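Student: For reference, this is work.pdb, and it has PDB, C-alpha atoms.
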```pdb
ATOM      1  CA  MET A  13      20.015   2.729  -1.095
ATOM      2  CA  LEU A  14      19.388   4.623   2.138
ATOM      3  CA  LYS A  15      21.948   7.264   1.203
ATOM      4  CA  THR A  16      20.175   7.681  -2.135
ATOM      5  CA  ALA A  17      16.917   8.087  -0.225
ATOM      6  CA  ARG A  18      18.547  10.710   2.012
ATOM      7  CA  GLY A  19      19.837  12.560  -1.059
ATOM      8  CA  GLN A  20      16.325  12.515  -2.545
ATOM      9  CA  LEU A  21      14.835  13.704   0.731
ATOM     10  CA  ASP A  22      17.304  16.616   0.853
ATOM     11  CA  GLY A  23      16.236  17.377  -2.715
ATOM     12  CA  VAL A  24      12.548  17.444  -1.732
ATOM     13  CA  ILE A  25      13.240  19.700   1.263
ATOM     14  CA  ARG A  26      14.960  22.120  -1.151
ATOM     15  CA  MET A  27      12.009  21.845  -3.572
ATOM     16  CA  VAL A  28       9.625  22.802  -0.758
ATOM     17  CA  GLU A  29      11.845  25.757   0.248
ATOM     18  CA  GLU A  30      11.989  26.920  -3.364
ATOM     19  CA  ASP A  31       8.207  26.626  -3.515
ATOM     20  CA  ARG A  32       8.279  24.201  -6.436
ATOM     21  CA  TYR A  33       5.153  22.780  -8.040
ATOM     22  CA  CYS A  34       3.185  20.509  -5.657
ATOM     23  CA  ILE A  35       2.794  17.660  -8.151
ATOM     24  CA  ASP A  36       6.569  17.531  -8.715
ATOM     25  CA  ILE A  37       7.138  17.447  -4.958
ATOM     26  CA  SER A  38       4.530  14.703  -4.614
ATOM     27  CA  ASN A  39       6.149  12.624  -7.366
ATOM     28  CA  GLN A  40       9.486  12.867  -5.580
ATOM     29  CA  LEU A  41       7.902  11.891  -2.267
ATOM     30  CA  MET A  42       6.338   8.823  -3.883
ATOM     31  CA  ALA A  43       9.728   7.867  -5.368
ATOM     32  CA  ILE A  44      11.260   8.092  -1.878
ATOM     33  CA  GLU A  45       8.447   5.992  -0.390
ATOM     34  CA  SER A  46       9.040   3.341  -3.006
ATOM     35  CA  LEU A  47      12.807   3.344  -2.405
ATOM     36  CA  VAL A  48      12.347   3.057   1.369
ATOM     37  CA  ALA A  49       9.882   0.177   0.847
ATOM     38  CA  LYS A  50      12.364  -1.584  -1.430
ATOM     39  CA  THR A  51      15.153  -1.126   1.142
ATOM     40  CA  ASN A  52      12.880  -2.509   3.819
ATOM     41  CA  ALA A  53      12.147  -5.601   1.704
ATOM     42  CA  THR A  54      15.887  -6.087   1.152
ATOM     43  CA  VAL A  55      16.591  -5.831   4.897
ATOM     44  CA  LEU A  56      13.801  -8.284   5.714
ATOM     45  CA  LYS A  57      14.847 -10.824   3.095
ATOM     46  CA  ALA A  58      18.445 -10.703   4.348
ATOM     47  CA  HIS A  59      17.037 -11.242   7.844
ATOM     48  CA  VAL A  60      15.119 -14.362   6.729
ATOM     49  CA  GLU A  61      18.140 -15.624   4.782
ATOM     50  CA  GLY A  62      20.457 -15.000   7.746
ATOM     51  CA  CYS A  63      19.022 -14.758  11.278
ATOM     52  CA  VAL A  64      15.817 -16.724  10.711
ATOM     53  CA  ARG A  65      17.592 -19.518   8.868
ATOM     54  CA  CYS A  66      20.260 -19.755  11.575
ATOM     55  CA  ALA A  67      17.611 -19.800  14.278
ATOM     56  CA  CYS A  68      15.764 -22.595  12.444
ATOM     57  CA  ALA A  69      18.976 -24.535  11.877
ATOM     58  CA  SER A  70      20.027 -24.200  15.522
ATOM     59  CA  GLY A  71      17.516 -26.821  16.603
ATOM     60  CA  ASP A  72      16.475 -24.592  19.518
ATOM     61  CA  ALA A  73      12.674 -24.551  19.305
ATOM     62  CA  SER A  74      12.162 -21.472  21.441
ATOM     63  CA  ILE A  75      14.594 -19.311  19.419
ATOM     64  CA  ARG A  76      13.038 -20.607  16.179
ATOM     65  CA  ASP A  77       9.517 -19.865  17.383
ATOM     66  CA  GLU A  78      10.525 -16.383  18.453
ATOM     67  CA  LYS A  79      11.935 -15.623  14.991
ATOM     68  CA  LEU A  80       8.836 -17.024  13.305
ATOM     69  CA  ARG A  81       6.609 -14.892  15.541
ATOM     70  CA  GLU A  82       8.623 -11.854  14.481
ATOM     71  CA  ILE A  83       8.014 -12.778  10.843
ATOM     72  CA  GLU A  84       4.279 -12.923  11.590
ATOM     73  CA  GLY A  85       4.549  -9.403  13.019
ATOM     74  CA  VAL A  86       6.305  -8.291   9.832
ATOM     75  CA  ILE A  87       3.511  -9.805   7.698
ATOM     76  CA  ASP A  88       0.946  -7.889   9.730
ATOM     77  CA  LYS A  89       2.793  -4.601   9.326
ATOM     78  CA  LEU A  90       3.412  -5.041   5.600
ATOM     79  CA  SER A  91      -0.248  -5.935   5.043
ATOM     80  CA  ARG A  92      -1.610  -2.629   6.300
TER      81      ARG A  92
ATOM     82  CA  MET B   5     -13.941 -13.369   6.071
ATOM     83  CA  LEU B   6     -13.863 -14.291   2.385
ATOM     84  CA  LYS B   7     -17.607 -14.850   2.340
ATOM     85  CA  THR B   8     -18.065 -11.407   3.884
ATOM     86  CA  ALA B   9     -15.824 -10.015   1.138
ATOM     87  CA  ARG B  10     -17.917 -11.797  -1.479
ATOM     88  CA  GLY B  11     -21.110 -10.379   0.028
ATOM     89  CA  GLN B  12     -19.562  -6.886  -0.079
ATOM     90  CA  LEU B  13     -18.446  -7.406  -3.663
ATOM     91  CA  ASP B  14     -21.990  -8.470  -4.663
ATOM     92  CA  GLY B  15     -23.149  -5.293  -2.938
ATOM     93  CA  VAL B  16     -20.752  -3.135  -4.954
ATOM     94  CA  ILE B  17     -21.779  -4.794  -8.228
ATOM     95  CA  ARG B  18     -25.407  -3.898  -7.365
ATOM     96  CA  MET B  19     -24.338  -0.334  -6.477
ATOM     97  CA  VAL B  20     -22.704   0.027  -9.910
ATOM     98  CA  GLU B  21     -25.803  -1.377 -11.651
ATOM     99  CA  GLU B  22     -28.002   1.051  -9.707
ATOM    100  CA  ASP B  23     -25.653   3.861 -10.738
ATOM    101  CA  ARG B  24     -24.923   4.856  -7.146
ATOM    102  CA  TYR B  25     -22.618   7.720  -6.210
ATOM    103  CA  CYS B  26     -18.982   7.076  -7.227
ATOM    104  CA  ILE B  27     -17.514   8.045  -3.870
ATOM    105  CA  ASP B  28     -19.787   5.555  -2.068
ATOM    106  CA  ILE B  29     -18.746   2.824  -4.506
ATOM    107  CA  SER B  30     -15.089   3.757  -4.003
ATOM    108  CA  ASN B  31     -15.441   3.612  -0.208
ATOM    109  CA  GLN B  32     -16.922   0.128  -0.481
ATOM    110  CA  LEU B  33     -14.148  -0.993  -2.818
ATOM    111  CA  MET B  34     -11.534   0.248  -0.338
ATOM    112  CA  ALA B  35     -13.286  -1.636   2.474
ATOM    113  CA  ILE B  36     -13.128  -4.822   0.369
ATOM    114  CA  GLU B  37      -9.436  -4.247  -0.402
ATOM    115  CA  SER B  38      -8.736  -3.893   3.278
ATOM    116  CA  LEU B  39     -10.691  -7.048   4.152
ATOM    117  CA  VAL B  40      -8.904  -9.066   1.461
ATOM    118  CA  ALA B  41      -5.535  -7.766   2.723
ATOM    119  CA  LYS B  42      -6.450  -8.745   6.275
ATOM    120  CA  THR B  43      -7.501 -12.243   5.123
ATOM    121  CA  ASN B  44      -4.238 -12.578   3.244
ATOM    122  CA  ALA B  45      -2.261 -11.657   6.382
ATOM    123  CA  THR B  46      -4.242 -14.253   8.364
ATOM    124  CA  VAL B  47      -3.540 -16.956   5.765
ATOM    125  CA  LEU B  48       0.167 -16.100   5.690
ATOM    126  CA  LYS B  49       0.548 -16.044   9.464
ATOM    127  CA  ALA B  50      -1.179 -19.431   9.738
ATOM    128  CA  HIS B  51       1.241 -20.660   7.066
ATOM    129  CA  VAL B  52       4.275 -19.475   9.077
ATOM    130  CA  GLU B  53       2.800 -20.931  12.289
ATOM    131  CA  GLY B  54       2.019 -24.225  10.574
ATOM    132  CA  CYS B  55       3.898 -25.238   7.408
ATOM    133  CA  VAL B  56       7.000 -23.090   7.886
ATOM    134  CA  ARG B  57       7.420 -24.128  11.508
ATOM    135  CA  CYS B  58       7.010 -27.796  10.637
ATOM    136  CA  ALA B  59       9.502 -27.480   7.799
ATOM    137  CA  CYS B  60      11.990 -25.822  10.152
ATOM    138  CA  ALA B  61      11.395 -28.426  12.848
ATOM    139  CA  SER B  62      11.816 -31.317  10.387
ATOM    140  CA  GLY B  63      15.561 -30.867  10.329
ATOM    141  CA  ASP B  64      15.524 -31.200   6.533
ATOM    142  CA  ALA B  65      17.603 -28.247   5.351
ATOM    143  CA  SER B  66      16.341 -28.250   1.767
ATOM    144  CA  ILE B  67      12.643 -28.209   2.761
ATOM    145  CA  ARG B  68      13.383 -25.476   5.340
ATOM    146  CA  ASP B  69      15.260 -23.369   2.803
ATOM    147  CA  GLU B  70      12.456 -23.751   0.273
ATOM    148  CA  LYS B  71       9.889 -22.484   2.804
ATOM    149  CA  LEU B  72      12.134 -19.577   3.781
ATOM    150  CA  ARG B  73      12.604 -18.638   0.125
ATOM    151  CA  GLU B  74       8.817 -18.611  -0.243
ATOM    152  CA  ILE B  75       8.608 -16.237   2.715
ATOM    153  CA  GLU B  76      11.110 -13.953   0.978
ATOM    154  CA  GLY B  77       8.842 -13.985  -2.082
ATOM    155  CA  VAL B  78       5.905 -13.038   0.150
ATOM    156  CA  ILE B  79       7.894 -10.131   1.631
ATOM    157  CA  ASP B  80       8.653  -8.882  -1.878
ATOM    158  CA  LYS B  81       5.014  -9.050  -2.934
ATOM    159  CA  LEU B  82       3.693  -7.398   0.223
ATOM    160  CA  SER B  83       6.262  -4.601  -0.118
ATOM    161  CA  ARG B  84       5.018  -3.401  -3.477
TER     162      ARG B  84
ATOM    163  CA  MET C  17     -13.661  -5.988 -13.698
ATOM    164  CA  LEU C  18     -15.774  -6.478 -10.569
ATOM    165  CA  LYS C  19     -17.320  -9.644 -11.969
ATOM    166  CA  THR C  20     -13.813 -10.947 -12.678
ATOM    167  CA  ALA C  21     -12.918 -10.129  -9.067
ATOM    168  CA  ARG C  22     -16.023 -11.992  -7.873
ATOM    169  CA  GLY C  23     -15.081 -15.002 -10.018
ATOM    170  CA  GLN C  24     -11.576 -14.947  -8.506
ATOM    171  CA  LEU C  25     -12.998 -14.642  -5.002
ATOM    172  CA  ASP C  26     -15.271 -17.662  -5.602
ATOM    173  CA  GLY C  27     -12.137 -19.450  -6.810
ATOM    174  CA  VAL C  28     -10.266 -18.614  -3.600
ATOM    175  CA  ILE C  29     -13.183 -19.726  -1.421
ATOM    176  CA  ARG C  30     -13.067 -23.090  -3.248
ATOM    177  CA  MET C  31      -9.278 -23.239  -2.787
ATOM    178  CA  VAL C  32      -9.726 -22.754   0.965
ATOM    179  CA  GLU C  33     -12.438 -25.448   1.100
ATOM    180  CA  GLU C  34     -10.184 -27.836  -0.849
ATOM    181  CA  ASP C  35      -7.399 -27.035   1.622
ATOM    182  CA  ARG C  36      -5.028 -25.883  -1.112
ATOM    183  CA  TYR C  37      -1.506 -24.655  -0.446
ATOM    184  CA  CYS C  38      -1.445 -21.404   1.596
ATOM    185  CA  ILE C  39       1.007 -19.621  -0.689
ATOM    186  CA  ASP C  40      -1.221 -20.285  -3.723
ATOM    187  CA  ILE C  41      -4.241 -18.939  -1.815
ATOM    188  CA  SER C  42      -2.220 -15.896  -0.767
ATOM    189  CA  ASN C  43      -1.108 -15.206  -4.348
ATOM    190  CA  GLN C  44      -4.732 -15.309  -5.485
ATOM    191  CA  LEU C  45      -5.780 -12.973  -2.662
ATOM    192  CA  MET C  46      -3.089 -10.482  -3.681
ATOM    193  CA  ALA C  47      -4.260 -10.665  -7.301
ATOM    194  CA  ILE C  48      -7.811  -9.860  -6.138
ATOM    195  CA  GLU C  49      -6.560  -6.955  -3.997
ATOM    196  CA  SER C  50      -4.744  -5.553  -6.984
ATOM    197  CA  LEU C  51      -7.807  -5.913  -9.236
ATOM    198  CA  VAL C  52     -10.070  -4.224  -6.671
ATOM    199  CA  ALA C  53      -7.531  -1.389  -6.318
ATOM    200  CA  LYS C  54      -7.422  -0.957 -10.092
ATOM    201  CA  THR C  55     -11.220  -0.890 -10.279
ATOM    202  CA  ASN C  56     -11.286   1.697  -7.511
ATOM    203  CA  ALA C  57      -8.821   3.892  -9.426
ATOM    204  CA  THR C  58     -10.984   3.571 -12.545
ATOM    205  CA  VAL C  59     -14.127   4.570 -10.627
ATOM    206  CA  LEU C  60     -12.362   7.547  -9.046
ATOM    207  CA  LYS C  61     -10.880   8.790 -12.318
ATOM    208  CA  ALA C  62     -14.282   8.571 -14.002
ATOM    209  CA  HIS C  63     -15.652  10.528 -11.044
ATOM    210  CA  VAL C  64     -13.062  13.305 -11.519
ATOM    211  CA  GLU C  65     -13.621  13.312 -15.277
ATOM    212  CA  GLY C  66     -17.401  13.451 -14.824
ATOM    213  CA  CYS C  67     -18.908  14.713 -11.560
ATOM    214  CA  VAL C  68     -15.963  16.810 -10.371
ATOM    215  CA  ARG C  69     -15.495  18.449 -13.754
ATOM    216  CA  CYS C  70     -19.205  19.224 -14.021
ATOM    217  CA  ALA C  71     -19.233  20.644 -10.500
ATOM    218  CA  CYS C  72     -16.234  22.835 -11.352
ATOM    219  CA  ALA C  73     -17.779  23.924 -14.640
ATOM    220  CA  SER C  74     -21.100  24.744 -12.989
ATOM    221  CA  GLY C  75     -19.700  27.942 -11.501
ATOM    222  CA  ASP C  76     -21.349  27.063  -8.163
ATOM    223  CA  ALA C  77     -18.545  27.557  -5.637
ATOM    224  CA  SER C  78     -20.154  25.555  -2.849
ATOM    225  CA  ILE C  79     -20.779  22.479  -5.014
ATOM    226  CA  ARG C  80     -17.245  22.767  -6.410
ATOM    227  CA  ASP C  81     -15.722  23.036  -2.940
ATOM    228  CA  GLU C  82     -17.716  20.050  -1.740
ATOM    229  CA  LYS C  83     -16.394  17.896  -4.605
ATOM    230  CA  LEU C  84     -12.834  19.073  -3.980
ATOM    231  CA  ARG C  85     -13.171  18.242  -0.288
ATOM    232  CA  GLU C  86     -14.315  14.751  -1.274
ATOM    233  CA  ILE C  87     -11.190  14.414  -3.421
ATOM    234  CA  GLU C  88      -9.083  15.380  -0.413
ATOM    235  CA  GLY C  89     -10.823  12.615   1.541
ATOM    236  CA  VAL C  90      -9.979  10.173  -1.261
ATOM    237  CA  ILE C  91      -6.307  11.238  -1.174
ATOM    238  CA  ASP C  92      -6.232  10.577   2.560
ATOM    239  CA  LYS C  93      -7.747   7.123   2.209
ATOM    240  CA  LEU C  94      -5.517   6.121  -0.709
ATOM    241  CA  SER C  95      -2.428   7.302   1.193
ATOM    242  CA  ARG C  96      -2.869   4.887   4.073
TER     243      ARG C  96
ATOM    244  CA  MET D  25       7.556  16.633   8.710
ATOM    245  CA  LEU D  26      10.211  16.153   6.035
ATOM    246  CA  LYS D  27      12.968  17.241   8.417
ATOM    247  CA  THR D  28      11.674  14.685  10.930
ATOM    248  CA  ALA D  29      11.804  12.074   8.162
ATOM    249  CA  ARG D  30      15.380  13.117   7.358
ATOM    250  CA  GLY D  31      16.320  12.823  11.034
ATOM    251  CA  GLN D  32      14.786   9.328  11.137
ATOM    252  CA  LEU D  33      16.589   8.356   7.945
ATOM    253  CA  ASP D  34      19.918   9.521   9.407
ATOM    254  CA  GLY D  35      19.041   7.410  12.441
ATOM    255  CA  VAL D  36      18.453   4.319  10.284
ATOM    256  CA  ILE D  37      21.708   4.852   8.380
ATOM    257  CA  ARG D  38      23.494   4.879  11.761
ATOM    258  CA  MET D  39      21.600   1.751  12.832
ATOM    259  CA  VAL D  40      22.799  -0.054   9.701
ATOM    260  CA  GLU D  41      26.396   1.088  10.287
ATOM    261  CA  GLU D  42      26.193  -0.101  13.896
ATOM    262  CA  ASP D  43      24.840  -3.421  12.613
ATOM    263  CA  ARG D  44      21.692  -3.185  14.701
ATOM    264  CA  TYR D  45      18.979  -5.845  14.696
ATOM    265  CA  CYS D  46      17.231  -6.172  11.301
ATOM    266  CA  ILE D  47      13.709  -6.093  12.713
ATOM    267  CA  ASP D  48      14.427  -2.802  14.522
ATOM    268  CA  ILE D  49      15.823  -1.318  11.293
ATOM    269  CA  SER D  50      12.774  -2.560   9.401
ATOM    270  CA  ASN D  51      10.388  -1.018  11.944
ATOM    271  CA  GLN D  52      12.149   2.336  11.566
ATOM    272  CA  LEU D  53      12.000   2.095   7.766
ATOM    273  CA  MET D  54       8.253   1.437   7.926
ATOM    274  CA  ALA D  55       7.810   4.448  10.230
ATOM    275  CA  ILE D  56       9.653   6.609   7.664
ATOM    276  CA  GLU D  57       7.527   5.239   4.824
ATOM    277  CA  SER D  58       4.413   6.106   6.748
ATOM    278  CA  LEU D  59       5.661   9.630   7.519
ATOM    279  CA  VAL D  60       6.606  10.256   3.873
ATOM    280  CA  ALA D  61       3.170   8.996   2.777
ATOM    281  CA  LYS D  62       1.481  11.319   5.264
ATOM    282  CA  THR D  63       3.557  14.271   4.042
ATOM    283  CA  ASN D  64       2.643  13.401   0.472
ATOM    284  CA  ALA D  65      -1.071  13.374   1.366
ATOM    285  CA  THR D  66      -0.669  16.771   3.053
ATOM    286  CA  VAL D  67       1.065  18.239  -0.027
ATOM    287  CA  LEU D  68      -1.603  16.846  -2.346
ATOM    288  CA  LYS D  69      -4.513  18.084  -0.241
ATOM    289  CA  ALA D  70      -2.975  21.563  -0.078
ATOM    290  CA  HIS D  71      -2.615  21.363  -3.861
ATOM    291  CA  VAL D  72      -6.321  20.526  -4.311
ATOM    292  CA  GLU D  73      -7.304  23.227  -1.802
ATOM    293  CA  GLY D  74      -5.080  25.790  -3.517
ATOM    294  CA  CYS D  75      -4.008  25.308  -7.151
ATOM    295  CA  VAL D  76      -6.843  23.019  -8.250
ATOM    296  CA  ARG D  77      -9.507  25.187  -6.659
ATOM    297  CA  CYS D  78      -8.042  28.328  -8.217
ATOM    298  CA  ALA D  79      -7.851  26.654 -11.616
ATOM    299  CA  CYS D  80     -11.495  25.582 -11.289
ATOM    300  CA  ALA D  81     -12.566  29.034 -10.125
ATOM    301  CA  SER D  82     -10.685  30.736 -12.976
ATOM    302  CA  GLY D  83     -13.335  29.714 -15.479
ATOM    303  CA  ASP D  84     -10.587  28.672 -17.915
ATOM    304  CA  ALA D  85     -11.688  25.206 -19.053
ATOM    305  CA  SER D  86      -8.310  24.137 -20.411
ATOM    306  CA  ILE D  87      -6.423  25.020 -17.199
ATOM    307  CA  ARG D  88      -9.149  23.321 -15.143
ATOM    308  CA  ASP D  89      -9.027  20.172 -17.271
ATOM    309  CA  GLU D  90      -5.248  20.051 -17.019
ATOM    310  CA  LYS D  91      -5.413  20.182 -13.206
ATOM    311  CA  LEU D  92      -8.101  17.510 -13.118
ATOM    312  CA  ARG D  93      -6.017  15.278 -15.382
ATOM    313  CA  GLU D  94      -3.119  15.700 -12.958
ATOM    314  CA  ILE D  95      -5.410  14.587 -10.138
ATOM    315  CA  GLU D  96      -6.299  11.487 -12.145
ATOM    316  CA  GLY D  97      -2.569  10.785 -12.466
ATOM    317  CA  VAL D  98      -2.223  11.155  -8.701
ATOM    318  CA  ILE D  99      -5.091   8.687  -8.116
ATOM    319  CA  ASP D 100      -3.360   6.178 -10.384
ATOM    320  CA  LYS D 101      -0.048   6.498  -8.555
ATOM    321  CA  LEU D 102      -1.606   6.318  -5.091
ATOM    322  CA  SER D 103      -3.596   3.223  -6.094
ATOM    323  CA  ARG D 104      -0.552   1.092  -6.866
TER     324      ARG D 104
END
```
As a first step, turn the structure in this file into structure tokens.
Tutor:
Amino acid sequence: MLKTARGQLDGVIRMVEEDRYCIDISNQLMAIESLVAKTNATVLKAHVEGCVRCACASGDASIRDEKLREIEGVIDKLSR
Amino acid sequence: MLKTARGQLDGVIRMVEEDRYCIDISNQLMAIESLVAKTNATVLKAHVEGCVRCACASGDASIRDEKLREIEGVIDKLSR
Amino acid sequence: MLKTARGQLDGVIRMVEEDRYCIDISNQLMAIESLVAKTNATVLKAHVEGCVRCACASGDASIRDEKLREIEGVIDKLSR
Amino acid sequence: MLKTARGQLDGVIRMVEEDRYCIDISNQLMAIESLVAKTNATVLKAHVEGCVRCACASGDASIRDEKLREIEGVIDKLSR
């Protein structure tokens, strides 16, 4: 997905250089934003599924609490 | 916070009835959106701190996994 | 739409008082956010269709430029 | 700004290949999202300042209305 996003970003940079219509450029930028957001969600869900679950399963309360605090930080950032 | 949001919403409904300037109404609506988003983040962080932590501490893998799956659902919704 | 949002907000306040499940409260809060955002878009589009169009049609450059500057402010706020 | 975003995106692709910590990758992705959103706002404001203003100043009602309809489309997309 990130390589697709990079391809799209290269495309937008070309569009700007070719002085293409602003609304078309804007639509492409919003498509990139949405793809980056989707990639971010995928990364975070894999993190919960993997690292956070392992930390919780480990029985080590301080590692678990650290991971859960990180998730709270993620919630804050995504909520802005 | 929710009662503040309700007070603001009552205010906006009055602004619409009094036919106030659209941009002022829009600014108020965006302030409400932001307050509701902040309340949501607070609720979700308390949930992680409380329910999710307890579920993880319980040692019951199926309860823990259910809570973590819910968190993944939250990440998806917040990412839209 | 705003009265629907107020009804939903009253519903969430009751859910909090009844100590309902956090994830259900969060889902309701996100539904309200989305409804307020939709209402805001409706208000802003009516504003463009009405006030901004009139200002542009009036032939008065300073009124027109003021409305367009307001739209730029809206774009900034919506982009956050 | 777009070349900065591309540099950051290349950086994230490397981070993924090097199997870096998910939360660090996620933070970088959110920084890119925010930069792309800011660039989009800049493009759109320049569009209002330039093309939309010209169309409004032209006195041609059908061109003006077309530009204003595009702005309504932008408001819808930004509100999601």
Student: Which residues are close to Met34 of chain B, i.e. within 9 Å by all atoms listed in the file, leaving aside same-chain residues fewer than 4 positions away? Reply as a PyMOL selection string.
Tutor: (chain B and resi 29-30+38-39) or (chain C and resi 52-53+56+93-94)
Student: Residues of the last selection are to be written out with C-alpha atoms, as a PDB file, in the coordinates of the input.
Tutor:
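Below you can see result-v3.pdb, which holds the result:
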```
ATOM      1  CA  ILE B  29     -18.746   2.824  -4.506  1.00  0.00           C
ATOM      2  CA  SER B  30     -15.089   3.757  -4.003  1.00  0.00           C
ATOM      3  CA  SER B  38      -8.736  -3.893   3.278  1.00  0.00           C
ATOM      4  CA  LEU B  39     -10.691  -7.048   4.152  1.00  0.00           C
TER       5      LEU B  39
ATOM      6  CA  VAL C  52     -10.070  -4.224  -6.671  1.00  0.00           C
ATOM      7  CA  ALA C  53      -7.531  -1.389  -6.318  1.00  0.00           C
ATOM      8  CA  ASN C  56     -11.286   1.697  -7.511  1.00  0.00           C
ATOM      9  CA  LYS C  93      -7.747   7.123   2.209  1.00  0.00           C
ATOM     10  CA  LEU C  94      -5.517   6.121  -0.709  1.00  0.00           C
TER      11      LEU C  94
END
```
Student: Taking all atoms listed in the file into account, which of A:Arg92, A:Ala69, A:Ile75, A:Val28 comes nearest chain C?
Tutor: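 Residue with the minimum atom-to-atom distance to chain C: A:Arg92.
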Student: Produce the centre coordinates and the three edge lengths, each in Å to one decimal, of the box along x, y and z that contains all listed atoms of segment 72-88 of chain A with 8 Å added on each side, as lines of an AutoDock Vina configuration file.
Tutor:
```
center_x = 8.7
center_y = -16.2
center_z = 14.6
size_x = 31.5
size_y = 32.7
size_z = 29.7
```
Student: Skip Ile56 of chain D itself and residues of its chain fewer than 5 positions away, then list as a list of chain:residue names all residues within 8 Å of it, counting only C-alpha atoms.
Tutor: A:Val48, D:Ala29, D:Gln32, D:Leu33
Student: Wanna dump the chain C-chain D contacts at 12 Å for me, each residue with its shortest atom pair and the distance in Å to one decimal, counting all atoms listed in the file, ordered by chain and number, as JSON lines?
Tutor:
```
{"residue": "C:Glu49", "atom": "CA", "partner": "D:Arg104", "partner_atom": "CA", "distance": 10.4}
{"residue": "C:Ser50", "atom": "CA", "partner": "D:Arg104", "partner_atom": "CA", "distance": 7.9}
{"residue": "C:Leu51", "atom": "CA", "partner": "D:Arg104", "partner_atom": "CA", "distance": 10.4}
{"residue": "C:Val52", "atom": "CA", "partner": "D:Ser103", "partner_atom": "CA", "distance": 9.9}
{"residue": "C:Ala53", "atom": "CA", "partner": "D:Ser103", "partner_atom": "CA", "distance": 6.1}
{"residue": "C:Lys54", "atom": "CA", "partner": "D:Ser103", "partner_atom": "CA", "distance": 6.9}
{"residue": "C:Thr55", "atom": "CA", "partner": "D:Ser103", "partner_atom": "CA", "distance": 9.6}
{"residue": "C:Asn56", "atom": "CA", "partner": "D:Ser103", "partner_atom": "CA", "distance": 8.0}
{"residue": "C:Ala57", "atom": "CA", "partner": "D:Asp100", "partner_atom": "CA", "distance": 6.0}
{"residue": "C:Thr58", "atom": "CA", "partner": "D:Asp100", "partner_atom": "CA", "distance": 8.3}
{"residue": "C:Val59", "atom": "CA", "partner": "D:Ile99", "partner_atom": "CA", "distance": 10.2}
{"residue": "C:Leu60", "atom": "CA", "partner": "D:Ile99", "partner_atom": "CA", "distance": 7.4}
{"residue": "C:Lys61", "atom": "CA", "partner": "D:Glu96", "partner_atom": "CA", "distance": 5.3}
{"residue": "C:Ala62", "atom": "CA", "partner": "D:Glu96", "partner_atom": "CA", "distance": 8.7}
{"residue": "C:His63", "atom": "CA", "partner": "D:Glu96", "partner_atom": "CA", "distance": 9.5}
{"residue": "C:Val64", "atom": "CA", "partner": "D:Leu92", "partner_atom": "CA", "distance": 6.7}
{"residue": "C:Glu65", "atom": "CA", "partner": "D:Leu92", "partner_atom": "CA", "distance": 7.3}
{"residue": "C:Gly66", "atom": "CA", "partner": "D:Leu92", "partner_atom": "CA", "distance": 10.3}
{"residue": "C:Cys67", "atom": "CA", "partner": "D:Leu92", "partner_atom": "CA", "distance": 11.3}
{"residue": "C:Val68", "atom": "CA", "partner": "D:Leu92", "partner_atom": "CA", "distance": 8.4}
{"residue": "C:Arg69", "atom": "CA", "partner": "D:Leu92", "partner_atom": "CA", "distance": 7.5}
{"residue": "C:Cys70", "atom": "CA", "partner": "D:Cys80", "partner_atom": "CA", "distance": 10.4}
{"residue": "C:Ala71", "atom": "CA", "partner": "D:Cys80", "partner_atom": "CA", "distance": 9.2}
{"residue": "C:Cys72", "atom": "CA", "partner": "D:Cys80", "partner_atom": "CA", "distance": 5.5}
{"residue": "C:Ala73", "atom": "CA", "partner": "D:Cys80", "partner_atom": "CA", "distance": 7.3}
{"residue": "C:Ser74", "atom": "CA", "partner": "D:Gly83", "partner_atom": "CA", "distance": 9.5}
{"residue": "C:Gly75", "atom": "CA", "partner": "D:Ala81", "partner_atom": "CA", "distance": 7.3}
{"residue": "C:Asp76", "atom": "CA", "partner": "D:Ala81", "partner_atom": "CA", "distance": 9.2}
{"residue": "C:Ala77", "atom": "CA", "partner": "D:Ala81", "partner_atom": "CA", "distance": 7.6}
{"residue": "C:Ser78", "atom": "CA", "partner": "D:Ala81", "partner_atom": "CA", "distance": 11.1}
{"residue": "C:Ile79", "atom": "CA", "partner": "D:Cys80", "partner_atom": "CA", "distance": 11.6}
{"residue": "C:Arg80", "atom": "CA", "partner": "D:Cys80", "partner_atom": "CA", "distance": 8.0}
{"residue": "C:Asp81", "atom": "CA", "partner": "D:Arg77", "partner_atom": "CA", "distance": 7.6}
{"residue": "C:Glu82", "atom": "CA", "partner": "D:Arg77", "partner_atom": "CA", "distance": 10.9}
{"residue": "C:Lys83", "atom": "CA", "partner": "D:Arg77", "partner_atom": "CA", "distance": 10.2}
{"residue": "C:Leu84", "atom": "CA", "partner": "D:Val72", "partner_atom": "CA", "distance": 6.7}
{"residue": "C:Arg85", "atom": "CA", "partner": "D:Glu73", "partner_atom": "CA", "distance": 7.8}
{"residue": "C:Glu86", "atom": "CA", "partner": "D:Val72", "partner_atom": "CA", "distance": 10.3}
{"residue": "C:Ile87", "atom": "CA", "partner": "D:Val72", "partner_atom": "CA", "distance": 7.9}
{"residue": "C:Glu88", "atom": "CA", "partner": "D:Lys69", "partner_atom": "CA", "distance": 5.3}
{"residue": "C:Gly89", "atom": "CA", "partner": "D:Lys69", "partner_atom": "CA", "distance": 8.5}
{"residue": "C:Val90", "atom": "CA", "partner": "D:Ile99", "partner_atom": "CA", "distance": 8.5}
{"residue": "C:Ile91", "atom": "CA", "partner": "D:Ala65", "partner_atom": "CA", "distance": 6.2}
{"residue": "C:Asp92", "atom": "CA", "partner": "D:Ala65", "partner_atom": "CA", "distance": 6.0}
{"residue": "C:Lys93", "atom": "CA", "partner": "D:Ala65", "partner_atom": "CA", "distance": 9.2}
{"residue": "C:Leu94", "atom": "CA", "partner": "D:Leu102", "partner_atom": "CA", "distance": 5.9}
{"residue": "C:Ser95", "atom": "CA", "partner": "D:Ala61", "partner_atom": "CA", "distance": 6.1}
{"residue": "C:Arg96", "atom": "CA", "partner": "D:Ala61", "partner_atom": "CA", "distance": 7.4}
```
